[in-house]
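Right, one structure below, let's go through it.
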Amino acid sequence: STTDTSDTGTNSVSDRERETPLDEFVSLLHSTKERSAYLGAVRSTKFQKAHARRLFGALQPILEDVITNEYFVPISAFENDNDEEEHTHGRQDDVSNQGSTTATTTHKPSFGSNKRNSEISQVSQGSTSASVKPDPASTKALHFLKYSAMVTHAFLENQISRRKGRTGVSDHTAKNHRVYDIIEEVWSVAEMLHDNLFALNSCGREGIAVQKFIVGMCETYWKGQFTDREVLVTQLVPLLVLKTLDGNATKADIKRLWNMKE
């Protein structure tokens with residue numbers, strides 16, 4: 001009996017020790033009520049730049065790890081890509097070796113932003129393969145991307161509302177060509193999210209859903225006239241263009257693209 005209790009306690013501690021900062025962040029914002037309160041706090045005037053530096057400074061290395069190791073890409077997406085590579089290599093071997101037996105080596109594909117940039121002309125919004133199925137690990141990573149975009153968006157709104165409070169005029173309605181500084185840690189998170197917009201096309205329906213939150217964040221960054229905003233439209237604008245060319249595009253889609261003009 002004593003042994004059983006000890007084992008249970010050990011397992012419980014072990015489970016807690018295995019919970020990563022990513023797990024804690026996703027768990028915290030998973031509840032709609034908790035998420036609403038958290039985002040409200042970030043938008044609040046009580047949320048100062050010092051708070052933002054700590055928050056986004058903590059998110060930055062986690063986000064970098066998720067993106068570098070492609071944890072947000074479902075395993076099935078890799079499998080589909082490997083199948084295509086095997087088929088292509090097989091056909092090439094047949095032609096070049098004229099019937100000789102050659103072992104085909106498959107490599108883990110890259111779903112980074114460089115590959116996705118080369119696919120802009122081929123991939124359109126919502127055209128992900130139906131065979132891409134979510135798995136627990138990629139779903140958790142995608143939730144982390146989504147919540148990171150939501151928190152970043154909330155902080156941008158915080159900064160924009162402060163300007164309106166000081167001047168009494170919104171930058172969205174006034175012709176204001178001033179460029180506003182942004183905290184370095186916030187910029188790093190925003191840039192990483194933007195640079196993987198097209199990569200999310202390979203992540204099934206969950207990826208497309210996350211993509212929408214990042215698009216909204218990038219739009220607010222652009223309209224808020226924050227520093228280096230041109231960097232955060234290199235994937236955003238092509239994505240919006242593709243969406244307007246889609247057969248299911250709405251007037252709202254066209255308006256969103258139009259609103260990106262100077």
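To be explicit about the labels: the chains of the structure tokens are called A, B, and onward in the order shown, and within each one the residues are counted from 1, while ligands get numbers from 1 in the order they are shown.
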- Any chance you could list, as number ranges by chain, the residues in range 176-257 of chain A that come up alpha helix (DSSP H) when DSSP is run on the backbone? A: 184-194, 204-223, 236-245, 251-257
- Contacts of range 234-239 of chain A at 7 Å or less, counting only C-alpha atoms, minus same-chain residues fewer than 3 places along, as a PyMOL selection string? chain A and resi 194-195+197+215+231+242-243
Selected residues, N, CA, C and O atoms, written as a short mmCIF file (atom, residue, chain, number, x, y, z; two decimals), in the first residue's frame, please.
```cif
data_model
loop_
_atom_site.label_atom_id
_atom_site.label_comp_id
_atom_site.auth_asym_id
_atom_site.auth_seq_id
_atom_site.Cartn_x
_atom_site.Cartn_y
_atom_site.Cartn_z
N HIS A 194 4.60 36.08 -38.92
CA HIS A 194 4.36 36.48 -40.30
C HIS A 194 5.12 35.60 -41.28
O HIS A 194 4.59 35.18 -42.31
N ASP A 195 6.38 35.31 -40.97
CA ASP A 195 7.23 34.57 -41.90
C ASP A 195 6.78 33.14 -42.12
O ASP A 195 7.31 32.46 -43.01
N LEU A 197 3.38 32.36 -42.51
CA LEU A 197 2.00 32.39 -43.00
C LEU A 197 1.75 31.33 -44.05
O LEU A 197 0.76 30.58 -43.99
N VAL A 215 -2.89 36.82 -39.80
CA VAL A 215 -3.23 37.83 -40.80
C VAL A 215 -3.81 39.07 -40.11
O VAL A 215 -3.44 40.21 -40.42
N VAL A 231 8.00 44.96 -43.75
CA VAL A 231 8.51 43.60 -43.63
C VAL A 231 7.37 42.61 -43.39
O VAL A 231 7.42 41.46 -43.83
N LEU A 242 -4.26 36.13 -53.24
CA LEU A 242 -4.72 34.79 -53.59
C LEU A 242 -6.14 34.55 -53.10
O LEU A 242 -6.94 33.91 -53.78
N LYS A 243 -6.44 35.08 -51.93
CA LYS A 243 -7.78 34.88 -51.38
C LYS A 243 -8.83 35.61 -52.21
O LYS A 243 -9.93 35.10 -52.41
#
```
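For the residues A:Trp258, A:Glu157, A:Pro21, A:Asn196, ranking by smallest atom-to-atom distance to Pro61 in chain A using only C-alpha atoms places A:Pro21 first.
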- Item | Which residue of A:Lys133, A:Lys33, A:His153, A:Lys251 approaches Met217 in chain A most closely, using only C-alpha atoms |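 Distance minimum relative to Met217 in chain A lands on A:His153.
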- Message: Could you check the closest approach to Gly57 in chain A for each of A:Thr32, A:Thr20, A:Ser148, A:Gln211 and tell me which residue wins, using only C-alpha atoms?
- Response: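 Under the stated criterion, the closest residue is A:Ser148.
From CA of Val233 in chain A back to CA of Thr220 in chain A, the distance works out to 11.2 Å.
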- Query: Got a sec: who's within 9 Å of Lys146 in chain A, counting only C-alpha atoms, leaving out chain neighbours fewer than 3 positions off, as a PyMOL selection string?
  - Reply: chain A and resi 141-143+149-151+209-214
- Item | Of the listed residues A:Phe47, A:Phe198, A:Trp187, A:Tyr71, that which approaches Tyr221 in chain A most closely, counting only C-alpha atoms | A:Trp187
